[in-house]
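**Student:** Below is the file model_1.tsv, which contains TSV, C-alpha atoms.
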```tsv
chain	number	residue	atom	x	y	z
Y	58	MET	CA	6.97	-2.67	-13.74
Y	59	LEU	CA	6.41	0.38	-11.53
Y	60	ILE	CA	6.30	0.08	-7.74
Y	61	THR	CA	5.39	3.02	-5.52
Y	62	GLY	CA	6.38	3.00	-1.86
Y	63	ALA	CA	9.40	0.78	-2.55
Y	64	ALA	CA	11.85	2.25	-0.03
Y	65	SER	CA	11.36	-0.64	2.39
Y	66	GLY	CA	9.01	-3.37	3.55
Y	67	ILE	CA	6.61	-5.04	1.13
Y	68	GLY	CA	7.28	-2.73	-1.81
Y	69	TYR	CA	11.02	-3.23	-1.51
Y	70	GLN	CA	10.77	-7.01	-1.25
Y	71	VAL	CA	8.47	-7.27	-4.29
Y	72	GLY	CA	10.75	-5.04	-6.37
Y	73	LYS	CA	13.86	-6.95	-5.35
Y	74	ILE	CA	12.36	-10.32	-6.30
Y	75	LEU	CA	11.02	-9.10	-9.65
Y	76	ALA	CA	14.34	-7.48	-10.56
Y	77	SER	CA	16.17	-10.72	-9.65
Y	78	HIS	CA	13.78	-12.52	-12.03
Y	79	GLY	CA	14.97	-10.30	-14.88
Y	80	HIS	CA	12.10	-7.79	-15.02
Y	81	LEU	CA	12.71	-4.10	-15.69
Y	82	VAL	CA	11.59	-2.56	-12.39
Y	83	TYR	CA	11.07	1.08	-11.47
Y	84	MET	CA	11.18	1.38	-7.67
Y	85	THR	CA	10.04	4.73	-6.32
Y	86	CYS	CA	10.42	6.58	-3.00
Y	87	ARG	CA	9.04	9.90	-1.75
Y	88	SER	CA	12.37	11.69	-1.14
Y	89	VAL	CA	15.84	12.05	-2.67
Y	90	LYS	CA	17.37	10.70	0.54
Y	91	GLU	CA	15.25	7.54	0.36
Y	92	VAL	CA	16.20	7.05	-3.31
Y	93	PHE	CA	19.91	7.28	-2.37
Y	94	LEU	CA	19.50	4.76	0.45
Y	95	LEU	CA	17.47	2.42	-1.77
Y	96	ARG	CA	20.13	2.44	-4.51
Y	97	LYS	CA	22.79	1.74	-1.92
Y	98	LYS	CA	20.82	-1.17	-0.47
Y	99	LEU	CA	20.07	-2.70	-3.90
Y	100	ASN	CA	23.70	-2.36	-5.03
Y	101	LYS	CA	24.84	-4.12	-1.87
Y	102	GLU	CA	22.54	-7.05	-2.70
Y	103	GLY	CA	23.55	-7.09	-6.37
Y	104	ILE	CA	20.04	-6.16	-7.57
Y	105	ASP	CA	19.61	-4.12	-10.77
Y	106	ALA	CA	16.57	-1.81	-10.61
Y	107	ILE	CA	15.84	1.81	-11.50
Y	108	CYS	CA	15.27	3.96	-8.41
Y	109	LEU	CA	13.25	7.15	-8.80
Y	110	LYS	CA	11.79	9.88	-6.60
Y	111	LEU	CA	7.99	9.91	-6.72
Y	112	ASP	CA	6.20	11.95	-4.06
Y	113	LEU	CA	2.46	11.59	-4.67
Y	114	LEU	CA	1.77	15.07	-3.29
Y	115	THR	CA	3.98	16.80	-5.88
Y	116	ASP	CA	4.34	17.05	-9.64
Y	117	ASP	CA	6.46	13.88	-9.47
Y	118	ILE	CA	3.23	12.09	-10.31
Y	119	HIS	CA	3.71	13.12	-13.97
Y	120	LEU	CA	6.85	11.00	-14.08
Y	121	VAL	CA	4.71	8.07	-15.24
Y	122	ASP	CA	3.98	9.91	-18.51
Y	123	SER	CA	7.52	9.17	-19.68
Y	124	LEU	CA	7.64	5.51	-18.66
Y	125	ASP	CA	6.45	2.40	-20.50
Y	126	ILE	CA	4.61	0.48	-17.80
Y	127	ASP	CA	2.92	-2.88	-18.27
Y	128	CYS	CA	2.34	-3.49	-14.55
Y	129	LEU	CA	1.74	-1.14	-11.61
Y	130	PHE	CA	2.03	-2.04	-7.93
Y	131	ASN	CA	0.32	0.98	-6.35
Y	132	HIS	CA	1.65	0.48	-2.84
Y	133	ALA	CA	2.59	3.89	-1.39
Y	134	GLY	CA	0.45	4.98	1.54
Y	135	LEU	CA	0.18	7.07	4.70
Y	136	GLY	CA	-1.32	6.10	8.04
Y	137	THR	CA	-2.08	7.74	11.36
Y	138	ALA	CA	-3.68	6.64	14.61
Y	139	GLY	CA	-5.81	8.46	17.16
Y	140	SER	CA	-9.43	9.24	17.94
Y	141	LEU	CA	-11.58	10.67	15.16
Y	142	LEU	CA	-13.50	12.60	17.82
Y	143	VAL	CA	-10.58	14.74	18.96
Y	144	MET	CA	-8.14	14.61	16.04
Y	145	ASN	CA	-7.88	17.72	13.88
Y	146	GLU	CA	-9.08	17.59	10.29
Y	147	ASP	CA	-5.56	17.66	8.84
Y	148	SER	CA	-5.20	13.98	9.67
Y	149	LEU	CA	-8.15	12.93	7.53
Y	150	ARG	CA	-7.10	15.28	4.74
Y	151	ASP	CA	-3.46	14.13	4.62
Y	152	VAL	CA	-4.25	10.40	4.69
Y	153	TYR	CA	-7.06	10.64	2.15
Y	154	GLU	CA	-4.98	12.84	-0.14
Y	155	VAL	CA	-2.14	10.31	-0.30
Y	156	ASN	CA	-4.05	7.02	-0.04
Y	157	ILE	CA	-7.01	7.86	-2.25
Y	158	PHE	CA	-6.97	11.03	-4.37
Y	159	ARG	CA	-3.35	11.21	-5.52
Y	160	SER	CA	-2.91	7.45	-5.53
Y	161	PHE	CA	-5.81	7.05	-7.92
Y	162	LEU	CA	-4.69	9.96	-10.06
Y	163	LEU	CA	-1.46	8.01	-10.59
Y	164	LEU	CA	-3.41	4.80	-11.25
Y	165	LYS	CA	-5.61	6.56	-13.80
Y	166	LYS	CA	-2.59	7.96	-15.64
Y	167	VAL	CA	-1.00	4.50	-15.84
Y	168	TYR	CA	-4.29	2.95	-16.95
Y	169	GLN	CA	-4.72	5.51	-19.74
Y	170	HIS	CA	-1.12	4.93	-20.85
Y	171	MET	CA	-1.78	1.19	-21.07
Y	172	LYS	CA	-4.94	1.78	-23.11
Y	173	GLU	CA	-3.22	4.16	-25.54
Y	174	LYS	CA	-0.33	1.72	-26.05
Y	175	ASN	CA	-2.64	-1.35	-26.28
Y	176	ILE	CA	-0.79	-2.92	-23.37
Y	177	LYS	CA	-2.38	-5.94	-21.74
Y	178	GLY	CA	-1.43	-4.65	-18.34
Y	179	LYS	CA	-1.92	-5.43	-14.68
Y	180	ILE	CA	-2.65	-3.05	-11.81
Y	181	PHE	CA	-2.14	-4.12	-8.20
Y	182	VAL	CA	-3.40	-1.85	-5.42
Y	183	THR	CA	-2.54	-2.24	-1.73
Y	184	SER	CA	-5.40	-1.90	0.72
Y	185	SER	CA	-5.49	-3.61	4.15
Y	186	LEU	CA	-7.39	-6.20	6.17
Y	187	LEU	CA	-8.47	-3.21	8.28
Y	188	SER	CA	-10.60	-2.09	5.33
Y	189	MET	CA	-13.20	-4.63	6.47
Y	190	PHE	CA	-13.32	-3.60	10.14
Y	191	PRO	CA	-14.03	-0.24	11.89
Y	192	MET	CA	-10.99	-0.42	14.17
Y	193	PRO	CA	-11.20	2.11	17.05
Y	194	PHE	CA	-8.42	4.74	17.01
Y	195	LEU	CA	-7.35	3.67	13.53
Y	196	GLY	CA	-10.44	5.05	11.81
Y	197	VAL	CA	-8.68	7.48	9.49
Y	198	TYR	CA	-6.43	4.79	8.07
Y	199	SER	CA	-8.98	1.96	7.95
Y	200	SER	CA	-11.64	4.17	6.32
Y	201	SER	CA	-9.18	5.24	3.61
Y	202	LYS	CA	-8.42	1.58	2.96
Y	203	SER	CA	-12.15	0.79	2.81
Y	204	ALA	CA	-12.49	3.40	0.08
Y	205	ILE	CA	-9.53	1.92	-1.79
Y	206	SER	CA	-11.00	-1.59	-1.66
Y	207	GLN	CA	-14.38	-0.41	-2.92
Y	208	LEU	CA	-12.81	1.60	-5.74
Y	209	VAL	CA	-10.72	-1.36	-6.94
Y	210	LYS	CA	-13.71	-3.73	-6.79
Y	211	THR	CA	-15.71	-1.23	-8.84
Y	212	MET	CA	-12.93	-0.90	-11.41
Y	213	GLN	CA	-12.79	-4.67	-11.72
Y	214	LYS	CA	-16.47	-4.74	-12.63
Y	215	GLU	CA	-16.20	-1.77	-14.99
Y	216	SER	CA	-13.15	-3.27	-16.69
Y	217	LYS	CA	-15.09	-6.48	-17.35
Y	218	ILE	CA	-18.06	-4.56	-18.79
Y	219	LEU	CA	-15.73	-2.48	-20.99
Y	220	ASP	CA	-13.93	-5.68	-22.09
Y	221	ASP	CA	-10.53	-4.28	-21.10
Y	222	ASP	CA	-7.25	-6.13	-21.44
Y	223	ILE	CA	-6.17	-4.60	-18.12
Y	224	SER	CA	-6.67	-6.58	-14.92
Y	225	PHE	CA	-6.91	-5.28	-11.35
Y	226	CYS	CA	-5.83	-7.10	-8.21
Y	227	LEU	CA	-6.67	-5.89	-4.71
Y	228	VAL	CA	-3.95	-6.71	-2.16
Y	229	GLU	CA	-5.27	-6.74	1.42
Y	230	PRO	CA	-2.38	-7.62	3.74
Y	231	GLY	CA	-2.64	-7.93	7.49
Y	232	ALA	CA	-0.08	-6.54	9.93
Y	233	TYR	CA	3.52	-7.20	8.93
Y	234	SER	CA	6.68	-6.21	10.75
Y	235	THR	CA	7.89	-3.48	8.39
Y	236	GLY	CA	7.91	-0.47	10.72
Y	237	PHE	CA	4.86	1.08	9.00
Y	238	ASN	CA	2.44	0.30	11.84
Y	239	GLN	CA	4.70	1.90	14.45
Y	240	GLU	CA	5.12	4.97	12.22
Y	241	MET	CA	1.33	5.17	11.83
Y	242	ILE	CA	0.78	5.07	15.60
Y	243	ASP	CA	3.48	7.69	16.20
Y	244	ASN	CA	1.90	9.97	13.58
Y	245	ALA	CA	-1.00	10.51	15.98
Y	246	GLU	CA	1.15	13.00	17.87
Y	247	ARG	CA	1.12	15.28	14.81
Y	248	TYR	CA	-2.66	15.60	14.88
Y	249	GLN	CA	-3.82	15.56	18.50
Y	250	LYS	CA	-2.67	16.36	22.00
Y	251	PHE	CA	-2.27	13.34	24.26
Y	252	SER	CA	-3.81	13.16	27.69
Y	253	SER	CA	-2.75	10.33	30.00
Y	254	TYR	CA	-5.84	8.43	28.78
Y	255	TRP	CA	-4.89	8.67	25.11
Y	256	LYS	CA	-1.30	7.74	25.92
Y	257	SER	CA	-2.49	4.48	27.46
Y	258	ILE	CA	-4.42	3.71	24.25
Y	259	HIS	CA	-1.31	4.59	22.28
Y	260	GLN	CA	0.69	2.03	24.26
Y	261	TYR	CA	-2.10	-0.55	23.86
Y	262	GLN	CA	-1.97	-0.16	20.08
Y	263	ARG	CA	1.77	-0.72	20.08
Y	264	LYS	CA	1.40	-3.94	22.09
Y	265	LEU	CA	-1.48	-5.13	19.87
Y	266	PHE	CA	0.56	-4.75	16.69
Y	267	ILE	CA	3.55	-6.49	18.28
Y	268	LEU	CA	1.20	-9.40	19.01
Y	269	LEU	CA	-0.39	-9.41	15.53
Y	270	GLU	CA	2.52	-8.64	13.24
Y	271	SER	CA	3.97	-11.32	11.03
Y	272	GLY	CA	7.68	-11.21	10.34
Y	273	ARG	CA	7.40	-13.12	7.07
Y	274	VAL	CA	7.29	-10.15	4.69
Y	275	ASP	CA	9.27	-12.23	2.19
Y	276	ARG	CA	6.50	-14.82	2.09
Y	277	LEU	CA	3.87	-12.15	1.28
Y	278	ALA	CA	6.16	-10.59	-1.35
Y	279	LYS	CA	6.59	-13.96	-3.07
Y	280	LYS	CA	2.80	-14.40	-3.24
Y	281	ILE	CA	2.40	-10.95	-4.81
Y	282	VAL	CA	5.19	-11.66	-7.31
Y	283	ARG	CA	3.56	-14.99	-8.19
Y	284	GLU	CA	0.34	-13.14	-9.05
Y	285	ILE	CA	2.21	-10.49	-11.04
Y	286	GLU	CA	3.96	-13.13	-13.13
Y	287	HIS	CA	0.93	-15.40	-13.48
Y	288	LYS	CA	-0.99	-15.20	-16.74
Y	289	LYS	CA	-4.36	-14.83	-14.99
Y	290	THR	CA	-4.37	-12.65	-11.89
Y	291	LYS	CA	-6.58	-13.15	-8.85
Y	292	LYS	CA	-9.06	-10.41	-8.04
Y	293	CYS	CA	-8.05	-10.29	-4.39
Y	294	LEU	CA	-5.00	-11.39	-2.43
Y	295	ARG	CA	-5.82	-11.41	1.31
Y	296	VAL	CA	-3.04	-12.62	3.64
Y	297	PRO	CA	-2.31	-13.90	6.18
Y	298	PHE	CA	-5.52	-15.86	6.71
Y	299	ILE	CA	-5.02	-16.19	10.48
Y	300	GLN	CA	-5.06	-12.40	11.00
Y	301	GLY	CA	-8.33	-12.06	9.12
Y	302	LEU	CA	-9.82	-14.79	11.31
Y	303	PHE	CA	-8.47	-13.12	14.47
Y	304	LEU	CA	-10.04	-9.77	13.51
Y	305	LYS	CA	-13.41	-11.39	12.86
Y	306	ILE	CA	-13.35	-13.04	16.31
Y	307	TYR	CA	-12.16	-9.79	17.93
Y	308	PHE	CA	-15.03	-7.77	16.49
Y	309	LEU	CA	-17.58	-10.49	17.15
Y	310	PHE	CA	-16.83	-10.69	20.89
Y	311	PHE	CA	-15.16	-7.41	21.89
Y	312	CYS	CA	-16.67	-4.65	19.76
```
Can you give me the file's structure in the form of structure tokens?
**Tutor:**
Amino acid sequence: MLITGAASGIGYQVGKILASHGHLVYMTCRSVKEVFLLRKKLNKEGIDAICLKLDLLTDDIHLVDSLDIDCLFNHAGLGTAGSLLVMNEDSLRDVYEVNIFRSFLLLKKVYQHMKEKNIKGKIFVTSSLLSMFPMPFLGVYSSSKSAISQLVKTMQKESKILDDDISFCLVEPGAYSTGFNQEMIDNAERYQKFSSYWKSIHQYQRKLFILLESGRVDRLAKKIVREIEHKKTKKCLRVPFIQGLFLKIYFLFFC
């Protein structure tokens, strides 16, 4: 089992549970420092997993060539907030490079490995509930997640036509209290200059996520693990339901 983006949050929780269930788990992070901290945290909790550095934007991506993987949780991602109309093009390029191009290069390598080894494998890919909604000032992130969702849905259909033994599951979580959303909002400062107007939007986004975020990351992780361990995997895991309903109402009446 290979998990990308396992330094903290959802990826960490899924890896920890699977390792405690006796699975051989490779948990990856994007820097040596994160790998050190992850090993320290797992050792403290008595969890046995293999921690590796895997930065999608480097040659680390070829690490998967030397691993026997029967299940991939493709979870690593990058997000940024801000207005598409004033943000420089580096924002779109950086997010798309990590979330789409390099992420799917890794997925393709794992898929080909499974085919060559005749492994009846599973591939889980993290998207977002925001993939379904054009959220203002989160357009770079939500559009990258829309692309991810469409790519996975297409691969599901192609896999069925090709009669593959490899299944694909699209994971579309809502907002969870992992620190990722705050990091995404703060990343806006890297790509655009803030006027007082944009700063007020920045503060609004922070308050909105505080209102929306669920603290039950463990509950989501258990649902993902259940699908990983289940013989027949769902095509889509969309949680929590209440956030999806809230977003539909929000866009129906306020956008």
**Student:** Taking into account all atoms listed in the file, which residue in the set Y:Lys172, Y:Ile157, Y:Lys288, Y:Val182 is nearest to Leu219 in chain Y?
**Tutor:**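 Closest to Leu219 in chain Y, using all atoms listed in the file: Y:Lys172.
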**Student:** When you count all atoms listed in the file, which of these residues is closest to Lys177 in chain Y: Y:Glu229, Y:Asp275, Y:Asp220, Y:Asp117?
**Tutor:**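 Using all atoms listed in the file, the shortest distance to Lys177 in chain Y belongs to Y:Asp220.
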**Student:** Go through Y:Leu141, Y:Leu129, Y:Leu208, Y:Val274 one by one, measure the shortest atom-to-atom distance of each to Tyr69 in chain Y using all atoms listed in the file, and give the residue with the smallest value.
**Tutor:**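 Closest residue, counting all atoms listed in the file: Y:Val274.
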**Student:** What is the distance, in Å and to one decimal place, between CA of Leu109 in chain Y and CA of Thr85 in chain Y?
**Tutor:**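 Separating CA of Leu109 in chain Y from CA of Thr85 in chain Y is a distance of 4.7 Å.
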**Student:** Record the distance separating CA of Gly134 in chain Y and CA of Ser216 in chain Y, expressed in Å with one decimal.
**Tutor:**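 So the two atoms, CA of Gly134 in chain Y and CA of Ser216 in chain Y, lie 24.2 Å apart.
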**Student:** Identify which of the residues Y:Leu164, Y:Val82, Y:Leu113, Y:Ala64 lies closest to Met212 in chain Y, counting only C-alpha atoms when measuring atom-to-atom distances.
**Tutor:**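 Of Y:Leu164, Y:Val82, Y:Leu113, Y:Ala64, the one nearest Met212 in chain Y is Y:Leu164, counting only C-alpha atoms.
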**Student:** Enter the distance from CA of Phe93 in chain Y to CA of Cys108 in chain Y, in Å, rounded to one decimal.
**Tutor:**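 Distance between the two atoms: 8.3 Å.
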**Student:** Ranking Y:Gly62, Y:Pro230, Y:Gly79, Y:Gly139 by minimum distance to Tyr198 in chain Y and counting all atoms listed in the file, which one comes first?
**Tutor:**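 Of Y:Gly62, Y:Pro230, Y:Gly79, Y:Gly139, the one nearest Tyr198 in chain Y, counting all atoms listed in the file, is Y:Gly139.
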**Student:** May I have the residues within 6 Å of Cys128 in chain Y as a list of chain:residue names, using only C-alpha atoms and disregarding those fewer than 2 positions away in the same chain?
**Tutor:**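 Selected residues are Y:Met58, Y:Ile126, Y:Gly178, Y:Lys179, Y:Ile180.
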**Student:** Using only C-alpha atoms for the distances, tell me which of Y:Ile281, Y:Ile176, Y:Leu186, Y:Leu163 is nearest to Ile118 in chain Y.
**Tutor:**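 The shortest atom-to-atom distance to Ile118 in chain Y comes from Y:Leu163.
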**Student:** Just the residues within 7 Å of Met84 in chain Y, please, counting all atoms listed in the file, with nothing from its chain fewer than 6 positions along; format it as a list in words.
**Tutor:** Leu59, Ile60, Thr61, Ala63, Gly72, Ala106, Ile107, Cys108 and Leu109 of chain Y
